[in-house]
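Source file: structure22.txt (compact mmCIF, C-alpha atoms)
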```
# COMPACT_ATOMS: atom_id res chain seq x y z
CA MET A 22 218.25 -81.92 63.00
CA GLN A 23 214.67 -82.64 61.90
CA ALA A 24 212.58 -85.25 63.76
CA GLY A 25 215.77 -86.96 64.89
CA ILE A 26 217.33 -86.96 61.40
CA GLU A 27 220.47 -84.95 60.73
CA LYS A 28 220.17 -82.17 58.16
CA ASP A 29 223.11 -83.62 56.21
CA GLU A 30 221.26 -86.93 55.83
CA ILE A 31 218.16 -85.16 54.49
CA THR A 32 220.30 -83.23 52.02
CA GLU A 33 222.11 -86.38 50.88
CA PHE A 34 218.84 -88.24 50.43
CA ARG A 35 217.37 -85.45 48.31
CA GLU A 36 220.44 -85.08 46.13
CA ARG A 37 220.93 -88.82 45.56
CA LEU A 38 217.25 -89.30 44.73
CA GLU A 39 217.33 -86.46 42.21
CA ARG A 40 220.42 -87.86 40.50
CA CYS A 41 219.81 -91.62 40.69
CA GLY A 42 218.00 -91.96 37.35
CA LEU A 43 215.41 -94.36 38.83
CA ASN A 44 211.73 -93.77 38.15
CA SER A 45 210.36 -93.98 41.70
CA VAL A 46 211.23 -93.48 45.34
CA ASP A 47 210.47 -97.17 45.95
CA ALA A 48 213.07 -98.24 43.36
CA PHE A 49 215.62 -95.95 45.00
CA LEU A 50 214.87 -97.23 48.52
CA LYS A 51 215.21 -100.87 47.48
CA LYS A 52 218.84 -100.07 46.67
CA ASN A 53 219.28 -97.62 49.55
CA PRO A 54 217.22 -98.87 52.53
CA VAL A 55 219.32 -96.72 54.87
CA PHE A 56 217.24 -93.74 53.73
CA GLY A 57 213.91 -95.41 54.57
CA ARG A 58 213.06 -93.32 57.65
CA THR A 59 214.20 -90.11 55.99
CA ALA A 60 212.10 -90.83 52.89
CA LYS A 61 208.97 -91.51 54.91
CA LEU A 62 209.37 -88.30 56.86
CA ARG A 63 209.84 -86.24 53.67
CA ILE A 64 206.84 -87.93 52.03
CA ALA A 65 204.70 -87.22 55.09
CA GLN A 66 205.82 -83.59 55.15
CA GLU A 67 204.94 -83.08 51.49
CA LEU A 68 201.56 -84.81 51.76
CA CYS A 69 200.58 -82.97 54.95
CA ALA A 70 201.44 -79.68 53.25
CA ALA A 71 199.39 -80.72 50.19
CA GLU A 72 196.41 -81.60 52.40
CA TYR A 73 196.65 -78.19 54.02
CA GLN A 74 196.37 -76.58 50.57
CA THR A 75 193.57 -78.91 49.42
CA ALA A 76 191.48 -78.22 52.52
CA ARG A 77 191.58 -74.54 51.62
CA GLY A 78 190.70 -75.08 47.98
CA VAL A 79 194.12 -74.06 46.65
CA GLY A 80 194.82 -75.35 43.13
CA ARG A 81 191.52 -77.18 42.87
CA THR A 82 190.79 -78.58 39.40
CA GLU A 83 188.26 -80.96 37.93
CA THR A 84 189.38 -84.53 38.54
CA TRP A 85 188.32 -88.08 37.75
CA VAL A 86 186.88 -88.25 41.28
CA GLN A 87 184.29 -85.60 40.38
CA TYR A 88 183.40 -87.45 37.18
CA LEU A 89 182.97 -90.72 39.07
CA PHE A 90 181.02 -89.07 41.88
CA SER A 91 178.49 -87.63 39.43
CA HIS A 92 177.68 -91.19 38.35
CA PHE A 93 177.43 -92.39 41.94
CA LEU A 94 174.53 -90.07 42.74
CA ASP A 95 171.62 -92.29 41.78
CA GLY A 96 169.27 -91.40 44.61
CA ASP A 97 168.36 -88.67 47.05
CA SER A 98 170.09 -89.88 50.21
CA LEU A 99 173.40 -91.02 51.63
CA GLY A 100 172.00 -94.53 51.73
CA ALA A 101 171.76 -94.58 47.95
CA PHE A 102 175.43 -93.59 47.73
CA THR A 103 176.57 -96.43 49.99
CA ARG A 104 174.84 -98.98 47.75
CA ASN A 105 177.44 -98.38 45.03
CA LYS A 106 179.44 -101.56 44.47
CA CYS A 107 182.85 -100.00 44.05
CA THR A 108 186.19 -100.72 45.69
CA PHE A 109 189.21 -98.42 45.48
CA VAL A 110 192.68 -99.95 45.71
CA THR A 111 195.26 -97.20 45.90
CA LEU A 112 199.02 -96.93 46.18
CA ASN A 113 198.72 -93.37 47.46
CA TYR A 114 199.44 -92.49 51.07
CA ASP A 115 197.30 -89.35 51.17
CA ARG A 116 193.59 -89.08 51.96
CA SER A 117 192.56 -86.83 49.09
CA LEU A 118 190.12 -89.42 47.70
CA GLU A 119 188.31 -89.74 51.01
CA PHE A 120 188.30 -85.99 51.50
CA GLU A 121 186.94 -85.18 48.03
CA LEU A 122 184.16 -87.78 48.27
CA THR A 123 183.22 -86.66 51.80
CA ARG A 124 183.14 -82.99 50.83
CA MET A 125 181.03 -83.67 47.73
CA LEU A 126 178.59 -85.81 49.69
CA SER A 127 178.28 -83.31 52.51
CA ASN A 128 177.48 -80.48 50.11
CA SER A 129 175.30 -82.46 47.69
CA TYR A 130 172.94 -83.70 50.40
CA ARG A 131 173.41 -80.89 52.94
CA GLU A 132 174.58 -83.48 55.45
CA GLN A 133 176.83 -83.08 58.44
CA TRP A 134 180.48 -83.88 57.68
CA LYS A 135 180.53 -86.81 60.13
CA ALA A 136 177.56 -88.50 58.41
CA ALA A 137 179.17 -88.01 54.99
CA ALA A 138 182.50 -89.38 56.26
CA GLU A 139 180.74 -92.49 57.59
CA ALA A 140 179.08 -93.01 54.19
CA VAL A 141 182.46 -92.83 52.44
CA ARG A 142 183.91 -95.30 54.94
CA ALA A 143 181.15 -97.71 53.91
CA LEU A 144 182.91 -97.94 50.56
CA LYS A 145 186.05 -100.05 50.45
CA ILE A 146 189.15 -97.86 50.08
CA ILE A 147 192.27 -99.97 50.48
CA HIS A 148 195.62 -98.22 50.87
CA LEU A 149 198.02 -101.02 49.89
CA HIS A 150 201.06 -99.39 51.47
CA GLY A 151 199.42 -97.55 54.33
CA SER A 152 198.43 -93.91 54.66
CA ILE A 153 199.24 -90.81 56.68
CA GLY A 154 196.09 -91.21 58.77
CA THR A 155 192.38 -91.95 58.85
CA MET A 156 189.74 -89.55 57.60
CA PRO A 157 188.63 -87.31 60.51
CA ASP A 158 184.96 -86.89 61.41
CA ASP A 159 185.44 -83.12 61.63
CA GLU A 160 186.24 -81.27 58.40
CA ARG A 161 188.23 -78.68 60.37
CA LEU A 162 190.75 -81.38 61.38
CA TYR A 163 191.67 -82.30 57.79
CA GLY A 164 194.83 -80.61 56.58
CA THR A 165 195.90 -79.49 60.05
CA THR A 166 198.82 -81.92 60.51
CA ARG A 167 201.65 -79.42 60.65
CA GLU A 168 203.63 -79.86 63.87
CA PRO A 169 206.81 -82.02 63.78
CA GLY A 170 205.37 -84.60 66.17
CA GLU A 171 202.20 -84.93 64.10
CA VAL A 172 204.19 -85.34 60.88
CA GLN A 173 206.26 -88.08 62.53
CA ASP A 174 203.05 -89.90 63.49
CA ALA A 175 201.84 -89.59 59.89
CA ALA A 176 205.14 -91.00 58.59
CA ARG A 177 204.74 -94.11 60.74
CA GLY A 178 201.69 -95.11 58.69
CA ILE A 179 203.72 -95.29 55.46
CA LEU A 180 205.09 -98.55 54.04
CA THR A 181 207.41 -98.63 51.05
CA LEU A 182 207.30 -101.28 48.32
CA GLY A 183 208.72 -104.57 49.57
CA GLU A 184 208.55 -103.53 53.22
CA PRO A 185 206.72 -106.06 55.43
CA GLY A 186 203.40 -105.10 57.00
CA SER A 187 200.98 -104.80 54.08
CA ASP A 188 199.92 -108.46 53.76
CA LYS A 189 196.43 -107.76 55.12
CA GLU A 190 195.80 -104.97 52.60
CA TYR A 191 197.07 -107.05 49.68
CA ALA A 192 194.88 -109.99 50.72
CA ALA A 193 191.81 -107.72 50.90
CA ALA A 194 192.63 -106.20 47.49
CA LYS A 195 193.11 -109.62 45.86
CA LYS A 196 189.77 -110.77 47.23
CA CYS A 197 188.03 -107.73 45.72
CA LEU A 198 189.79 -108.15 42.37
CA ASP A 199 188.77 -111.81 42.21
CA ALA A 200 185.13 -110.85 42.70
CA ALA A 201 185.18 -107.82 40.38
CA GLU A 202 183.21 -107.58 37.16
CA VAL A 203 185.37 -104.76 35.75
CA VAL A 204 188.77 -103.44 36.84
CA PHE A 205 189.98 -99.93 35.96
CA CYS A 206 193.64 -98.97 36.47
CA LEU A 207 194.03 -95.18 36.67
CA GLY A 208 197.50 -93.65 36.82
CA PHE A 209 198.98 -97.08 37.50
CA GLY A 210 202.57 -97.70 36.37
CA PHE A 211 202.03 -101.48 36.08
CA HIS A 212 205.02 -102.19 38.31
CA GLY A 213 205.89 -105.88 37.97
CA GLU A 214 206.21 -106.56 41.69
CA ILE A 215 202.84 -104.98 42.48
CA ILE A 216 201.11 -106.91 39.68
CA GLU A 217 202.67 -110.11 41.00
CA ASN A 218 201.70 -109.38 44.61
CA LEU A 219 198.10 -108.68 43.57
CA ASP A 220 198.05 -111.62 41.15
CA ILE A 221 196.04 -109.29 38.95
CA ARG A 222 196.88 -111.38 35.90
CA GLY A 223 194.65 -114.09 37.32
CA LYS A 224 197.00 -117.07 37.08
CA ASP A 225 194.77 -119.05 39.43
CA LEU A 226 191.04 -118.85 38.80
CA PRO A 227 188.92 -118.27 41.90
CA GLU A 228 186.60 -121.14 42.71
CA GLY A 229 183.46 -120.98 40.59
CA ARG A 230 184.93 -118.55 38.03
CA ARG A 231 185.26 -119.64 34.39
CA ALA A 232 188.08 -118.38 32.19
CA ASN A 233 185.58 -116.56 29.97
CA ASN A 234 183.91 -114.96 32.98
CA LEU A 235 186.91 -113.01 34.26
CA PRO A 236 186.71 -109.22 34.50
CA ALA A 237 188.01 -107.01 31.75
CA VAL A 238 190.94 -104.87 32.88
CA HIS A 239 190.95 -101.33 31.48
CA GLY A 240 193.84 -98.96 32.03
CA THR A 241 195.11 -95.48 31.25
CA CYS A 242 198.57 -95.29 29.75
CA GLN A 243 199.55 -91.63 29.76
CA GLY A 244 203.33 -91.30 29.67
CA LEU A 245 203.94 -94.85 28.41
CA THR A 246 205.59 -95.51 25.08
CA GLN A 247 203.86 -97.74 22.54
CA SER A 248 206.29 -100.57 23.26
CA GLU A 249 205.49 -100.29 26.97
CA VAL A 250 201.77 -100.32 26.19
CA ASN A 251 202.27 -103.45 24.11
CA ARG A 252 204.22 -105.12 26.92
CA VAL A 253 201.53 -104.33 29.47
CA THR A 254 198.79 -105.50 27.09
CA ARG A 255 200.57 -108.85 26.62
CA GLN A 256 200.72 -109.28 30.40
CA PHE A 257 196.93 -109.21 30.52
CA ALA A 258 196.22 -111.01 27.25
CA PRO A 259 193.16 -113.32 26.91
CA PRO A 260 192.08 -115.89 27.85
CA VAL A 261 193.23 -114.81 31.28
CA ARG A 262 192.36 -111.12 31.52
CA GLY A 263 192.35 -108.39 28.93
CA ILE A 264 193.57 -104.84 29.28
CA VAL A 265 192.34 -102.04 27.06
CA ALA A 266 194.94 -99.28 27.04
CA ARG A 267 193.52 -95.92 26.04
CA GLN A 268 195.44 -92.69 25.64
CA ARG A 269 193.44 -90.43 27.96
CA ASN A 270 194.42 -87.44 30.03
CA VAL A 271 193.29 -88.13 33.59
CA GLU A 272 194.11 -85.86 36.50
CA PRO A 273 195.56 -87.80 39.46
```
Please express the file's structure as structure tokens.
Amino acid sequence: MQAGIEKDEITEFRERLERCGLNSVDAFLKKNPVFGRTAKLRIAQELCAAEYQTARGVGRTETWVQYLFSHFLDGDSLGAFTRNKCTFVTLNYDRSLEFELTRMLSNSYREQWKAAAEAVRALKIIHLHGSIGTMPDDERLYGTTREPGEVQDAARGILTLGEPGSDKEYAAAKKCLDAAEVVFCLGFGFHGEIIENLDIRGKDLPEGRRANNLPAVHGTCQGLTQSEVNRVTRQFAPPVRGIVARQRNVEP
């Protein structure tokens, strides 16, 4: 038994997920909600283990976060960083984005980790479906969630697609998208339900916004076929919002 879940149930979940032919855990869980608790626990275990590796620099490669961060540094203080008008809306449960930005800030400006973490929190980072925890003020505490009880606590912060509890996050994300000048979708699968929940196609114009003043929507499309790219592009066609799909290799 693992965290109150029988070993046979964990084995069945893993085997059925591997053989189901569906393209995501969320799609599988919508048809098999009985595995919800098991899935969250396994996700939390994998992400906690990944954070442990990341905190120790294992497998570190250049990512889009580093590229973006280099363009954020337009000044010689943490205050200059916090003036960046950027909001992150993520479907990820892990805290790798917060960790990478905090570590880069701390080392770039020779600041204490707590001060850098507070600067990153000043940015808007919205986890639509929850996360495995908040970013700690002490670097030594990141990647240390290893004990069964701690992993269970991390799993409780996870919400799967369609599960109630994320209305507040979706409302905050929609508000940011309505006010945005440019929207970039990185590593996004353009899942129909998520697009509908975010109303990212802009069916209803925010008050004071003209149809020709809506933000351009740019997106990566690695792994999509041309027909899928065409379908996504039609979803965002002018005069509502336009998507520019570019074949680019972007590390997650």
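Distance check against Leu219 (chain A) using only C-alpha atoms: of A:Glu202, A:Glu249, A:Asp188, A:Glu139, the minimum falls on A:Asp188.
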Q | Option closest in space to Met125 (chain A), from A:Ala137, A:Cys197, A:Lys61, A:Leu180 [counting only C-alpha atoms] | A | A:Ala137
Q: To one decimal in Å, tell me the separation between CA of Val253 (chain A) and CA of Lys106 (chain A).
A: 26.8 Å
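The space separating CA of Ser152 (chain A) from CA of Trp134 (chain A) comes to 20.8 Å.
Minimum distance to Cys107 (chain A) across A:Val204, A:Glu36, A:Cys69, A:His148 (counting all atoms listed in the file) occurs at A:Val204.
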**Q.** Test item: residues at most 8 Å from His150 (chain A), only C-alpha atoms, excluding those fewer than 2 positions along its chain, as an MDAnalysis selection string
**A.** chainID A and resid 112:114 148 152 179:182 187 190
Q | Top pick for closest residue to Thr59 (chain A), considering A:Glu214, A:Asp115, A:Glu171, A:Glu33 and counting only C-alpha atoms | A | A:Glu33
**Q.** Distance of CA of Asn218 (chain A) from CA of Thr108 (chain A), expressed in Å to one decimal place
**A.**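 Rounded to one decimal, the two atoms are 17.8 Å apart.
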Q.
I'd like the neighbourhood of region 42-53 of chain A as a list in words, where a residue qualifies if any of its atoms comes within 10 Å (using all atoms listed in the file), though same-chain residues fewer than 3 positions away should be ignored.
A.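 The filter keeps Phe34, Arg37, Leu38, Glu39, Phe56, Gly57, Ala60, Ile64, Leu180, Thr181, Leu182, Gly183 and Glu184 of chain A.
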Q. Using all atoms listed in the file, which of A:Gln66, A:Ile26, A:Arg104, A:His92 sits nearest Glu168 (chain A)?
A. A:Gln66
Q | Contacts of Glu72 (chain A) at 12 Å (all atoms listed in the file; same-chain gap of 3+ positions) as a PyMOL selection string | A | chain A and resi 65-69+75-81+114-121+153-154+156+160-167
Q: Find, counting only C-alpha atoms, the residue in A:Lys195, A:Phe102, A:Thr155, A:Gly186 that gets nearest to Asp174 (chain A).
A: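 Among A:Lys195, A:Phe102, A:Thr155, A:Gly186, it is A:Thr155 that comes nearest to Asp174 (chain A).
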